[in-house]
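*Asks:* Okay, so here is run_36.pdb, and as you'll see once you scroll down, it has PDB, C-alpha atoms.
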```
MODEL        1
ATOM      1  CA  MET A   1      79.049  32.925 146.621  1.00  0.00           C
ATOM      2  CA  GLN A   2      77.674  36.266 147.656  1.00  0.00           C
ATOM      3  CA  VAL A   3      79.542  38.859 149.693  1.00  0.00           C
ATOM      4  CA  LYS A   4      76.528  40.248 151.536  1.00  0.00           C
ATOM      5  CA  ASP A   5      76.164  38.949 155.094  1.00  0.00           C
ATOM      6  CA  ARG A   6      79.103  36.560 154.711  1.00  0.00           C
ATOM      7  CA  THR A   7      82.296  36.675 156.765  1.00  0.00           C
ATOM      8  CA  PHE A   8      85.802  36.895 155.309  1.00  0.00           C
ATOM      9  CA  LEU A   9      89.219  36.728 156.962  1.00  0.00           C
ATOM     10  CA  ILE A  10      91.792  39.092 155.446  1.00  0.00           C
ATOM     11  CA  THR A  11      95.485  38.931 156.330  1.00  0.00           C
ATOM     12  CA  GLY A  12      97.840  41.841 155.809  1.00  0.00           C
ATOM     13  CA  ALA A  13      94.768  43.987 156.353  1.00  0.00           C
ATOM     14  CA  ALA A  14      96.269  47.013 158.087  1.00  0.00           C
ATOM     15  CA  SER A  15      97.244  48.692 154.813  1.00  0.00           C
ATOM     16  CA  GLY A  16      97.653  48.296 151.075  1.00  0.00           C
ATOM     17  CA  LEU A  17      95.875  45.498 149.229  1.00  0.00           C
ATOM     18  CA  GLY A  18      94.443  43.924 152.370  1.00  0.00           C
ATOM     19  CA  ALA A  19      93.007  47.162 153.713  1.00  0.00           C
ATOM     20  CA  ALA A  20      91.404  47.989 150.352  1.00  0.00           C
ATOM     21  CA  THR A  21      89.910  44.499 150.168  1.00  0.00           C
ATOM     22  CA  ALA A  22      88.375  44.877 153.624  1.00  0.00           C
ATOM     23  CA  GLU A  23      86.827  48.203 152.636  1.00  0.00           C
ATOM     24  CA  ARG A  24      85.318  46.835 149.431  1.00  0.00           C
ATOM     25  CA  LEU A  25      83.865  43.718 151.052  1.00  0.00           C
ATOM     26  CA  VAL A  26      82.276  45.793 153.798  1.00  0.00           C
ATOM     27  CA  ALA A  27      80.860  48.142 151.156  1.00  0.00           C
ATOM     28  CA  GLY A  28      79.330  45.054 149.549  1.00  0.00           C
ATOM     29  CA  GLY A  29      77.584  44.089 152.767  1.00  0.00           C
ATOM     30  CA  GLY A  30      80.173  41.606 154.023  1.00  0.00           C
ATOM     31  CA  HIS A  31      81.662  41.078 157.455  1.00  0.00           C
ATOM     32  CA  VAL A  32      85.456  41.061 157.824  1.00  0.00           C
ATOM     33  CA  VAL A  33      88.136  39.998 160.261  1.00  0.00           C
ATOM     34  CA  LEU A  34      91.306  41.992 159.730  1.00  0.00           C
ATOM     35  CA  CYS A  35      94.547  40.257 160.701  1.00  0.00           C
ATOM     36  CA  ASP A  36      97.957  41.923 160.745  1.00  0.00           C
ATOM     37  CA  LEU A  37     101.066  42.339 162.887  1.00  0.00           C
ATOM     38  CA  ASN A  38     100.836  46.108 162.454  1.00  0.00           C
ATOM     39  CA  ASP A  39      98.953  47.770 165.329  1.00  0.00           C
ATOM     40  CA  ALA A  40      97.185  49.988 162.739  1.00  0.00           C
ATOM     41  CA  VAL A  41      94.878  47.021 162.126  1.00  0.00           C
ATOM     42  CA  GLU A  42      92.739  47.942 165.149  1.00  0.00           C
ATOM     43  CA  ALA A  43      92.180  51.486 163.901  1.00  0.00           C
ATOM     44  CA  HIS A  44      91.244  50.276 160.430  1.00  0.00           C
ATOM     45  CA  ALA A  45      88.768  47.753 161.821  1.00  0.00           C
ATOM     46  CA  ALA A  46      87.224  50.431 164.031  1.00  0.00           C
ATOM     47  CA  LYS A  47      86.780  52.666 160.980  1.00  0.00           C
ATOM     48  CA  LEU A  48      84.828  49.901 159.236  1.00  0.00           C
ATOM     49  CA  GLY A  49      82.356  49.625 162.104  1.00  0.00           C
ATOM     50  CA  GLN A  50      80.476  46.799 163.801  1.00  0.00           C
ATOM     51  CA  VAL A  51      80.900  44.377 160.899  1.00  0.00           C
ATOM     52  CA  ALA A  52      84.682  44.306 161.369  1.00  0.00           C
ATOM     53  CA  ARG A  53      87.012  42.747 163.928  1.00  0.00           C
ATOM     54  CA  ALA A  54      90.780  43.074 164.353  1.00  0.00           C
ATOM     55  CA  VAL A  55      93.236  40.356 165.307  1.00  0.00           C
ATOM     56  CA  ARG A  56      96.953  40.898 165.805  1.00  0.00           C
ATOM     57  CA  GLY A  57      98.737  37.882 164.399  1.00  0.00           C
ATOM     58  CA  ASP A  58     101.749  36.401 162.639  1.00  0.00           C
ATOM     59  CA  VAL A  59     100.821  34.331 159.578  1.00  0.00           C
ATOM     60  CA  THR A  60     103.592  31.848 160.350  1.00  0.00           C
ATOM     61  CA  SER A  61     102.147  31.105 163.801  1.00  0.00           C
ATOM     62  CA  ALA A  62      99.654  28.256 164.026  1.00  0.00           C
ATOM     63  CA  ALA A  63      98.235  29.644 167.285  1.00  0.00           C
ATOM     64  CA  ASP A  64      97.835  33.190 165.925  1.00  0.00           C
ATOM     65  CA  MET A  65      96.106  32.078 162.753  1.00  0.00           C
ATOM     66  CA  GLN A  66      93.841  29.636 164.570  1.00  0.00           C
ATOM     67  CA  ARG A  67      92.781  32.536 166.791  1.00  0.00           C
ATOM     68  CA  ALA A  68      92.024  34.620 163.677  1.00  0.00           C
ATOM     69  CA  VAL A  69      89.936  31.777 162.255  1.00  0.00           C
ATOM     70  CA  ASP A  70      88.105  31.369 165.565  1.00  0.00           C
ATOM     71  CA  VAL A  71      87.237  35.080 165.663  1.00  0.00           C
ATOM     72  CA  SER A  72      85.978  34.763 162.077  1.00  0.00           C
ATOM     73  CA  LEU A  73      83.768  31.821 163.032  1.00  0.00           C
ATOM     74  CA  GLU A  74      82.385  33.778 165.963  1.00  0.00           C
ATOM     75  CA  LEU A  75      81.600  36.766 163.729  1.00  0.00           C
ATOM     76  CA  GLY A  76      80.118  34.529 161.033  1.00  0.00           C
ATOM     77  CA  GLY A  77      77.754  32.752 163.403  1.00  0.00           C
ATOM     78  CA  GLU A  78      75.735  29.949 161.803  1.00  0.00           C
ATOM     79  CA  GLN A  79      77.160  30.706 158.354  1.00  0.00           C
ATOM     80  CA  GLY A  80      80.733  30.353 159.560  1.00  0.00           C
ATOM     81  CA  LEU A  81      83.787  31.561 157.630  1.00  0.00           C
ATOM     82  CA  ALA A  82      82.983  32.087 153.943  1.00  0.00           C
ATOM     83  CA  GLY A  83      86.438  32.932 152.657  1.00  0.00           C
ATOM     84  CA  VAL A  84      89.986  34.052 153.294  1.00  0.00           C
ATOM     85  CA  VAL A  85      91.943  36.657 151.335  1.00  0.00           C
ATOM     86  CA  HIS A  86      95.609  36.229 152.152  1.00  0.00           C
ATOM     87  CA  CYS A  87      97.550  39.444 151.467  1.00  0.00           C
ATOM     88  CA  ALA A  88     100.263  39.319 154.148  1.00  0.00           C
ATOM     89  CA  GLY A  89     103.826  39.103 152.896  1.00  0.00           C
ATOM     90  CA  VAL A  90     107.237  40.723 152.690  1.00  0.00           C
ATOM     91  CA  VAL A  91     109.516  41.899 149.890  1.00  0.00           C
ATOM     92  CA  SER A  92     113.210  41.105 150.027  1.00  0.00           C
ATOM     93  CA  VAL A  93     116.067  42.036 147.709  1.00  0.00           C
ATOM     94  CA  ALA A  94     119.498  40.411 147.943  1.00  0.00           C
ATOM     95  CA  LYS A  95     121.949  39.187 145.347  1.00  0.00           C
ATOM     96  CA  LEU A  96     123.365  35.682 145.610  1.00  0.00           C
ATOM     97  CA  VAL A  97     126.824  37.267 145.555  1.00  0.00           C
ATOM     98  CA  ASP A  98     127.239  40.945 146.426  1.00  0.00           C
ATOM     99  CA  ARG A  99     129.743  43.422 144.962  1.00  0.00           C
ATOM    100  CA  GLU A 100     132.350  42.427 147.522  1.00  0.00           C
ATOM    101  CA  GLY A 101     131.973  38.763 146.632  1.00  0.00           C
ATOM    102  CA  ASN A 102     130.057  37.805 149.786  1.00  0.00           C
ATOM    103  CA  PRO A 103     127.290  35.197 149.536  1.00  0.00           C
ATOM    104  CA  ALA A 104     123.677  36.071 150.331  1.00  0.00           C
ATOM    105  CA  ASP A 105     122.467  35.658 153.889  1.00  0.00           C
ATOM    106  CA  LEU A 106     120.784  32.271 154.257  1.00  0.00           C
ATOM    107  CA  GLU A 107     118.628  33.326 157.209  1.00  0.00           C
ATOM    108  CA  ALA A 108     117.203  36.261 155.254  1.00  0.00           C
ATOM    109  CA  TYR A 109     116.267  33.917 152.400  1.00  0.00           C
ATOM    110  CA  ALA A 110     114.631  31.467 154.802  1.00  0.00           C
ATOM    111  CA  ARG A 111     112.685  34.274 156.496  1.00  0.00           C
ATOM    112  CA  THR A 112     111.188  35.422 153.177  1.00  0.00           C
ATOM    113  CA  VAL A 113     110.143  31.893 152.244  1.00  0.00           C
ATOM    114  CA  GLN A 114     108.795  31.270 155.751  1.00  0.00           C
ATOM    115  CA  ILE A 115     106.545  34.339 155.691  1.00  0.00           C
ATOM    116  CA  ASN A 116     105.435  34.339 152.050  1.00  0.00           C
ATOM    117  CA  LEU A 117     105.132  30.621 151.358  1.00  0.00           C
ATOM    118  CA  VAL A 118     104.877  28.754 154.657  1.00  0.00           C
ATOM    119  CA  GLY A 119     102.647  31.540 155.989  1.00  0.00           C
ATOM    120  CA  THR A 120     100.328  31.106 153.010  1.00  0.00           C
ATOM    121  CA  PHE A 121     100.118  27.358 153.590  1.00  0.00           C
ATOM    122  CA  ASN A 122      99.454  27.910 157.300  1.00  0.00           C
ATOM    123  CA  VAL A 123      96.548  30.295 156.666  1.00  0.00           C
ATOM    124  CA  MET A 124      95.161  28.123 153.878  1.00  0.00           C
ATOM    125  CA  ARG A 125      95.144  24.872 155.881  1.00  0.00           C
ATOM    126  CA  LEU A 126      93.411  26.368 158.927  1.00  0.00           C
ATOM    127  CA  ALA A 127      90.841  28.311 156.913  1.00  0.00           C
ATOM    128  CA  ALA A 128      90.081  25.294 154.729  1.00  0.00           C
ATOM    129  CA  ALA A 129      89.493  23.081 157.763  1.00  0.00           C
ATOM    130  CA  ALA A 130      86.965  25.602 159.096  1.00  0.00           C
ATOM    131  CA  MET A 131      85.194  26.174 155.771  1.00  0.00           C
ATOM    132  CA  ALA A 132      84.868  22.443 155.068  1.00  0.00           C
ATOM    133  CA  LYS A 133      82.370  22.326 157.956  1.00  0.00           C
ATOM    134  CA  ASN A 134      80.069  24.955 156.430  1.00  0.00           C
ATOM    135  CA  LEU A 135      76.697  24.107 154.954  1.00  0.00           C
ATOM    136  CA  ALA A 136      76.991  23.996 151.169  1.00  0.00           C
ATOM    137  CA  ASN A 137      75.079  26.442 148.986  1.00  0.00           C
ATOM    138  CA  ALA A 138      73.123  25.522 145.839  1.00  0.00           C
ATOM    139  CA  ASP A 139      76.371  25.034 143.893  1.00  0.00           C
ATOM    140  CA  GLY A 140      77.820  22.829 146.636  1.00  0.00           C
ATOM    141  CA  GLU A 141      80.209  25.621 147.570  1.00  0.00           C
ATOM    142  CA  ARG A 142      81.395  26.039 151.155  1.00  0.00           C
ATOM    143  CA  GLY A 143      84.160  28.597 150.868  1.00  0.00           C
ATOM    144  CA  VAL A 144      86.836  30.319 148.821  1.00  0.00           C
ATOM    145  CA  ILE A 145      90.548  30.928 149.365  1.00  0.00           C
ATOM    146  CA  ILE A 146      92.272  33.785 147.518  1.00  0.00           C
ATOM    147  CA  ASN A 147      96.057  33.974 147.886  1.00  0.00           C
ATOM    148  CA  THR A 148      98.375  36.761 146.763  1.00  0.00           C
ATOM    149  CA  ALA A 149     101.232  35.785 144.474  1.00  0.00           C
ATOM    150  CA  SER A 150     103.188  38.282 142.360  1.00  0.00           C
ATOM    151  CA  ILE A 151     104.350  38.769 138.793  1.00  0.00           C
ATOM    152  CA  ALA A 152     107.796  38.126 140.298  1.00  0.00           C
ATOM    153  CA  ALA A 153     106.764  34.473 140.332  1.00  0.00           C
ATOM    154  CA  PHE A 154     107.088  34.603 136.526  1.00  0.00           C
ATOM    155  CA  ASP A 155     109.317  37.631 135.810  1.00  0.00           C
ATOM    156  CA  GLY A 156     111.753  37.682 138.723  1.00  0.00           C
ATOM    157  CA  GLN A 157     114.439  40.352 138.554  1.00  0.00           C
ATOM    158  CA  VAL A 158     118.049  40.419 139.739  1.00  0.00           C
ATOM    159  CA  GLY A 159     118.147  40.188 143.531  1.00  0.00           C
ATOM    160  CA  GLN A 160     114.698  38.591 143.797  1.00  0.00           C
ATOM    161  CA  CYS A 161     115.667  34.937 144.239  1.00  0.00           C
ATOM    162  CA  ALA A 162     113.990  34.682 147.647  1.00  0.00           C
ATOM    163  CA  TYR A 163     110.909  36.744 146.790  1.00  0.00           C
ATOM    164  CA  SER A 164     110.372  35.128 143.389  1.00  0.00           C
ATOM    165  CA  ALA A 165     110.804  31.629 144.793  1.00  0.00           C
ATOM    166  CA  SER A 166     108.330  32.276 147.599  1.00  0.00           C
ATOM    167  CA  LYS A 167     105.700  33.674 145.239  1.00  0.00           C
ATOM    168  CA  ALA A 168     106.293  30.933 142.675  1.00  0.00           C
ATOM    169  CA  GLY A 169     105.514  28.521 145.499  1.00  0.00           C
ATOM    170  CA  VAL A 170     102.171  30.256 146.057  1.00  0.00           C
ATOM    171  CA  VAL A 171     101.437  29.835 142.340  1.00  0.00           C
ATOM    172  CA  GLY A 172     102.464  26.191 142.495  1.00  0.00           C
ATOM    173  CA  MET A 173     100.117  25.434 145.403  1.00  0.00           C
ATOM    174  CA  SER A 174      97.034  26.869 143.718  1.00  0.00           C
ATOM    175  CA  LEU A 175      96.019  24.031 141.405  1.00  0.00           C
ATOM    176  CA  PRO A 176      96.802  21.064 143.689  1.00  0.00           C
ATOM    177  CA  ALA A 177      95.028  22.796 146.582  1.00  0.00           C
ATOM    178  CA  ALA A 178      91.998  23.514 144.385  1.00  0.00           C
ATOM    179  CA  ARG A 179      91.903  19.892 143.257  1.00  0.00           C
ATOM    180  CA  GLU A 180      92.174  18.587 146.806  1.00  0.00           C
ATOM    181  CA  LEU A 181      89.638  20.956 148.342  1.00  0.00           C
ATOM    182  CA  SER A 182      87.070  20.443 145.578  1.00  0.00           C
ATOM    183  CA  ARG A 183      85.678  17.518 147.551  1.00  0.00           C
ATOM    184  CA  HIS A 184      84.866  19.981 150.332  1.00  0.00           C
ATOM    185  CA  GLY A 185      83.373  22.600 148.009  1.00  0.00           C
ATOM    186  CA  VAL A 186      86.197  25.064 148.683  1.00  0.00           C
ATOM    187  CA  ARG A 187      87.687  26.983 145.746  1.00  0.00           C
ATOM    188  CA  VAL A 188      91.327  28.162 145.620  1.00  0.00           C
ATOM    189  CA  MET A 189      92.516  31.103 143.532  1.00  0.00           C
ATOM    190  CA  ALA A 190      95.584  33.331 143.408  1.00  0.00           C
ATOM    191  CA  ILE A 191      96.124  36.872 142.166  1.00  0.00           C
ATOM    192  CA  ALA A 192      99.552  37.904 140.860  1.00  0.00           C
ATOM    193  CA  PRO A 193      99.670  41.710 141.122  1.00  0.00           C
ATOM    194  CA  GLY A 194     102.083  43.814 139.136  1.00  0.00           C
ATOM    195  CA  VAL A 195     103.397  47.135 140.434  1.00  0.00           C
ATOM    196  CA  PHE A 196     100.839  48.588 142.834  1.00  0.00           C
ATOM    197  CA  GLN A 197     100.722  51.710 144.978  1.00  0.00           C
ATOM    198  CA  THR A 198     101.239  50.054 148.375  1.00  0.00           C
ATOM    199  CA  PRO A 199     103.478  50.649 151.408  1.00  0.00           C
ATOM    200  CA  MET A 200     105.950  48.169 149.888  1.00  0.00           C
ATOM    201  CA  MET A 201     106.312  50.420 146.843  1.00  0.00           C
ATOM    202  CA  SER A 202     107.090  53.405 149.075  1.00  0.00           C
ATOM    203  CA  GLU A 203     110.318  51.666 150.092  1.00  0.00           C
ATOM    204  CA  ILE A 204     111.883  52.226 146.660  1.00  0.00           C
ATOM    205  CA  PRO A 205     113.173  55.605 145.353  1.00  0.00           C
ATOM    206  CA  ASP A 206     110.697  57.881 143.561  1.00  0.00           C
ATOM    207  CA  GLU A 207     112.602  57.715 140.275  1.00  0.00           C
ATOM    208  CA  ALA A 208     112.509  53.920 140.325  1.00  0.00           C
ATOM    209  CA  ALA A 209     108.769  53.957 141.050  1.00  0.00           C
ATOM    210  CA  LYS A 210     108.180  56.359 138.149  1.00  0.00           C
ATOM    211  CA  ALA A 211     110.199  54.120 135.840  1.00  0.00           C
ATOM    212  CA  LEU A 212     108.141  51.102 136.858  1.00  0.00           C
ATOM    213  CA  ALA A 213     104.892  52.996 136.259  1.00  0.00           C
ATOM    214  CA  ALA A 214     106.099  54.085 132.818  1.00  0.00           C
ATOM    215  CA  SER A 215     106.942  50.489 131.898  1.00  0.00           C
ATOM    216  CA  VAL A 216     103.307  49.364 132.279  1.00  0.00           C
ATOM    217  CA  PRO A 217     101.839  49.104 128.748  1.00  0.00           C
ATOM    218  CA  PHE A 218      98.418  50.364 129.822  1.00  0.00           C
ATOM    219  CA  PRO A 219      97.438  52.148 131.927  1.00  0.00           C
ATOM    220  CA  LYS A 220     100.837  53.795 132.425  1.00  0.00           C
ATOM    221  CA  ARG A 221     100.638  54.060 136.183  1.00  0.00           C
ATOM    222  CA  LEU A 222     100.904  51.986 139.318  1.00  0.00           C
ATOM    223  CA  GLY A 223      97.928  49.834 140.166  1.00  0.00           C
ATOM    224  CA  GLU A 224      95.509  51.064 142.805  1.00  0.00           C
ATOM    225  CA  PRO A 225      94.699  48.800 145.774  1.00  0.00           C
ATOM    226  CA  ASP A 226      90.964  48.992 145.063  1.00  0.00           C
ATOM    227  CA  GLU A 227      91.588  47.459 141.627  1.00  0.00           C
ATOM    228  CA  PHE A 228      92.963  44.418 143.424  1.00  0.00           C
ATOM    229  CA  ALA A 229      89.979  44.455 145.781  1.00  0.00           C
ATOM    230  CA  ARG A 230      87.530  44.573 142.872  1.00  0.00           C
ATOM    231  CA  LEU A 231      89.093  41.428 141.431  1.00  0.00           C
ATOM    232  CA  VAL A 232      88.809  39.742 144.834  1.00  0.00           C
ATOM    233  CA  GLU A 233      85.116  40.620 144.916  1.00  0.00           C
ATOM    234  CA  HIS A 234      84.592  39.155 141.452  1.00  0.00           C
ATOM    235  CA  ILE A 235      86.424  35.931 142.323  1.00  0.00           C
ATOM    236  CA  ILE A 236      84.217  35.508 145.385  1.00  0.00           C
ATOM    237  CA  THR A 237      81.029  35.888 143.372  1.00  0.00           C
ATOM    238  CA  ASN A 238      82.069  33.855 140.295  1.00  0.00           C
ATOM    239  CA  VAL A 239      81.976  30.171 141.239  1.00  0.00           C
ATOM    240  CA  MET A 240      83.648  29.063 137.978  1.00  0.00           C
ATOM    241  CA  LEU A 241      86.925  30.723 138.964  1.00  0.00           C
ATOM    242  CA  ASN A 242      88.962  27.959 140.565  1.00  0.00           C
ATOM    243  CA  GLY A 243      92.516  26.635 140.516  1.00  0.00           C
ATOM    244  CA  GLU A 244      93.825  29.600 138.523  1.00  0.00           C
ATOM    245  CA  VAL A 245      96.346  32.418 138.930  1.00  0.00           C
ATOM    246  CA  ILE A 246      95.266  35.771 137.493  1.00  0.00           C
ATOM    247  CA  ARG A 247      97.906  38.351 136.584  1.00  0.00           C
ATOM    248  CA  LEU A 248      96.692  41.841 137.470  1.00  0.00           C
ATOM    249  CA  ASP A 249      99.438  43.953 135.957  1.00  0.00           C
ATOM    250  CA  GLY A 250      98.384  46.174 133.051  1.00  0.00           C
ATOM    251  CA  GLY A 251     100.329  43.901 130.688  1.00  0.00           C
ATOM    252  CA  ILE A 252     103.770  44.550 132.196  1.00  0.00           C
ATOM    253  CA  ARG A 253     106.511  41.966 131.707  1.00  0.00           C
ATOM    254  CA  MET A 254     109.506  42.773 133.872  1.00  0.00           C
ATOM    255  CA  GLN A 255     112.925  43.044 132.211  1.00  0.00           C
TER     256      GLN A 255
ENDMDL
END
```
Taking this structure as input, can you express it in the form of C-alpha cells?

*Replies:*
Amino acid sequence: MQVKDRTFLITGAASGLGAATAERLVAGGGHVVLCDLNDAVEAHAAKLGQVARAVRGDVTSAADMQRAVDVSLELGGEQGLAGVVHCAGVVSVAKLVDREGNPADLEAYARTVQINLVGTFNVMRLAAAAMAKNLANADGERGVIINTASIAAFDGQVGQCAYSASKAGVVGMSLPAARELSRHGVRVMAIAPGVFQTPMMSEIPDEAAKALAASVPFPKRLGEPDEFARLVEHIITNVMLNGEVIRLDGGIRMQ
C-alpha cells in the first residue's frame, strides 16, 4: 500500500510516537486523522495543514472511536480509510504488595488493561469493519492495522504487572487478528518499542532515564519518535509484513 493520497487514523496523536507518525505520513503525501484526549491534538492537526483533521476521543469509547473512523472516511472520500496506527496508551507502575504490605489497587490494574488492551481491540474492530468495505488494490489489500505493544510484553520489570499484561495482550491479538482479517485483505502488525524519548519517559527521574539509555546495546540513547514513525511507514508500504510483532529497541533486554 502506498502512503501518498491515502488516509490514516492515528490515535495518541497529540504527542510522542503518534505525533511523529502523523508528521511522517503527511510528509509522504498521506492524509491523517489525529485522535487524542489531549486538547493539543487540534493544534498539531492545524500545524499539518489541510490534509489533517483532529478528533477528541477516548479509545475505550465505542462512540468516540466510531466518530474518529467516520471522520477518516469523510477525509478519505472514495478511497476510504487505508489504515490505523494505534499509539494511545498509558504506563502504570504498582507492586502487587507494597512496602507496607498493602495489596495493589484492583481498579488501577483494570484501568490500565481497559485503556491499553480493550482500547486497542475497540479501535481495531471499528477500523477493520470500515476498511473491509474498501476496494482492493492489485495485491487484494484493503487496509492495514498497526498497534503499539512494548518490550514490557516480553521483559516486564518489577511493578509492571498491569502494563506488561496489557501489552502482552496486544502481542497476543496480532496473529489471530491477522489470520481472521486476511479474508478481507486487511493486514495486522504490532511494534514493540523499547525506551523512547516520549512524554511518558519524562515522568521518570533524569538519572533513571540516563541509566535506561546507557543500557541500550546500540545506539546508546533513547529512541527518537521519528524512528518509530519510519518503521510505521515501511510496514504500510511492505505488503508482506503481516501478523508479526517487531521489537524496535536497539537490542535492549530489560533486567

*Asks:* Quick one: pull the distance between CA of Ala149 in chain A and CA of Asn137 in chain A, Å, one decimal.

*Replies:*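 These atoms are spaced 28.1 Å apart.
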
*Asks:* Give the answer as one residue: which of A:Ala214, A:Ala229, A:Leu175, A:Val93 has the shortest atom-to-atom distance to Tyr163 in chain A, using only C-alpha atoms?

*Replies:* A:Val93

*Asks:* With range 115-134 of chain A as the partner and 8 Å as the cut-off, tabulate the residues of range 167-219 of chain A that qualify, each row holding the nearest pair of atoms and their distance in Å to one decimal, using all atoms listed in the file, sorted by chain and rising number, as CSV.

*Replies:*
```
residue,atom,partner,partner_atom,distance
A:Lys167,CA,A:Asn116,CA,6.8
A:Gly169,CA,A:Leu117,CA,6.2
A:Val170,CA,A:Leu117,CA,6.1
A:Leu181,CA,A:Ala128,CA,7.7
A:His184,CA,A:Ala132,CA,5.3
A:Gly185,CA,A:Ala132,CA,7.2
A:Val186,CA,A:Ala132,CA,7.0
```

*Asks:* Take the PyMOL selection byres ((chain A and resi 231) around 12), run it mentally on this structure, and tell me the resulting residues as a compact mmCIF listing (two decimals) with C-alpha atoms, keeping the file's coordinate frame.

*Replies:*
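Writing done, so here's expr38.txt:
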```txt
# COMPACT_ATOMS: atom_id res chain seq x y z
CA LEU A 17 95.88 45.50 149.23
CA ALA A 20 91.40 47.99 150.35
CA THR A 21 89.91 44.50 150.17
CA ARG A 24 85.32 46.84 149.43
CA LEU A 25 83.86 43.72 151.05
CA VAL A 85 91.94 36.66 151.34
CA ILE A 146 92.27 33.78 147.52
CA THR A 148 98.38 36.76 146.76
CA MET A 189 92.52 31.10 143.53
CA ALA A 190 95.58 33.33 143.41
CA ILE A 191 96.12 36.87 142.17
CA ALA A 192 99.55 37.90 140.86
CA PRO A 193 99.67 41.71 141.12
CA GLU A 224 95.51 51.06 142.80
CA PRO A 225 94.70 48.80 145.77
CA ASP A 226 90.96 48.99 145.06
CA GLU A 227 91.59 47.46 141.63
CA PHE A 228 92.96 44.42 143.42
CA ALA A 229 89.98 44.46 145.78
CA ARG A 230 87.53 44.57 142.87
CA VAL A 232 88.81 39.74 144.83
CA GLU A 233 85.12 40.62 144.92
CA HIS A 234 84.59 39.16 141.45
CA ILE A 235 86.42 35.93 142.32
CA ILE A 236 84.22 35.51 145.38
CA THR A 237 81.03 35.89 143.37
CA ASN A 238 82.07 33.85 140.29
CA LEU A 241 86.92 30.72 138.96
CA VAL A 245 96.35 32.42 138.93
CA ILE A 246 95.27 35.77 137.49
CA ARG A 247 97.91 38.35 136.58
CA LEU A 248 96.69 41.84 137.47
CA ASP A 249 99.44 43.95 135.96
```

*Asks:* Under the PyMOL selection byres ((chain A and resi 37-44) around 9), which residues of this model are included? Write them out as a ChimeraX atom specification.

*Replies:* /A:12-15,19,34-36,45-48,52-59

*Asks:* Quick one, how far is CA of Arg183 in chain A from CA of Gly28 in chain A?

*Replies:*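 Calculated distance between CA of Arg183 in chain A and CA of Gly28 in chain A is 28.3 Å.
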
*Asks:* Report, in Å to a single decimal, how far apart CA of Lys4 in chain A and CA of Asn147 in chain A are.

*Replies:*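 Going from CA of Asn147 in chain A over to CA of Lys4 in chain A, I get 20.8 Å.
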
*Asks:* Find the residues near Gly77 in chain A: any atom within 12 Å, counting all atoms listed in the file, skip ones fewer than 4 places away on the same chain, and give them as a list in words.

*Replies:*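 Returned residues: Asp5, Arg6, Thr7, His31, Asp70, Val71, Ser72, Leu73, Leu81, Ala82 and Asn134 of chain A.
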
*Asks:* Expand the PyMOL selection byres ((chain A and resi 155) around 10) into the individual residues it matches in the shown file, reporting them as a list in words.

*Replies:*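 Residues picked by the PyMOL selection byres ((chain A and resi 155) around 10): Ser150, Ile151, Ala152, Ala153, Phe154, Gly156, Gln157, Val158, Gln160, Ser164, Ile252, Arg253, Met254 and Gln255 of chain A.
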
*Asks:* Could you check the closest approach to Leu106 in chain A for each of A:Ile10, A:Phe196, A:Ala162, A:Ala168 and tell me which residue wins, using only C-alpha atoms?

*Replies:* A:Ala162

*Asks:* Choose the residue, out of A:Gly89, A:Ser61, A:Val144, A:Leu96, that has the smallest atom-to-atom separation from Phe8 in chain A; count only C-alpha atoms.

*Replies:*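 Smallest separation from Phe8 in chain A among the options: A:Val144.
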
*Asks:* Using all atoms listed in the file, pick whichever of A:Val113, A:Ala213, A:Met240, A:Cys161 has the shortest atom-to-atom distance to Lys95 in chain A.

*Replies:*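 Of A:Val113, A:Ala213, A:Met240, A:Cys161, the one nearest Lys95 in chain A, counting all atoms listed in the file, is A:Cys161.
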
*Asks:* Using all atoms listed in the file, which residue out of A:Ala27, A:Ser92, A:Glu207, A:Leu222 lies closest to Ala104 in chain A?

*Replies:* A:Ser92

*Asks:* Ranking A:Glu244, A:Gly101, A:Arg221, A:Gly30 by minimum distance to Val51 in chain A and counting all atoms listed in the file, which one comes first?

*Replies:*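 Selected residue with least distance to Val51 in chain A: A:Gly30.
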
*Asks:* At a cut-off of 7 Å, using only C-alpha atoms, what residues contact Asn242 in chain A? Leave out same-chain residues fewer than 4 positions from it and give the result as a ChimeraX atom specification.

*Replies:* /A:178,187-189
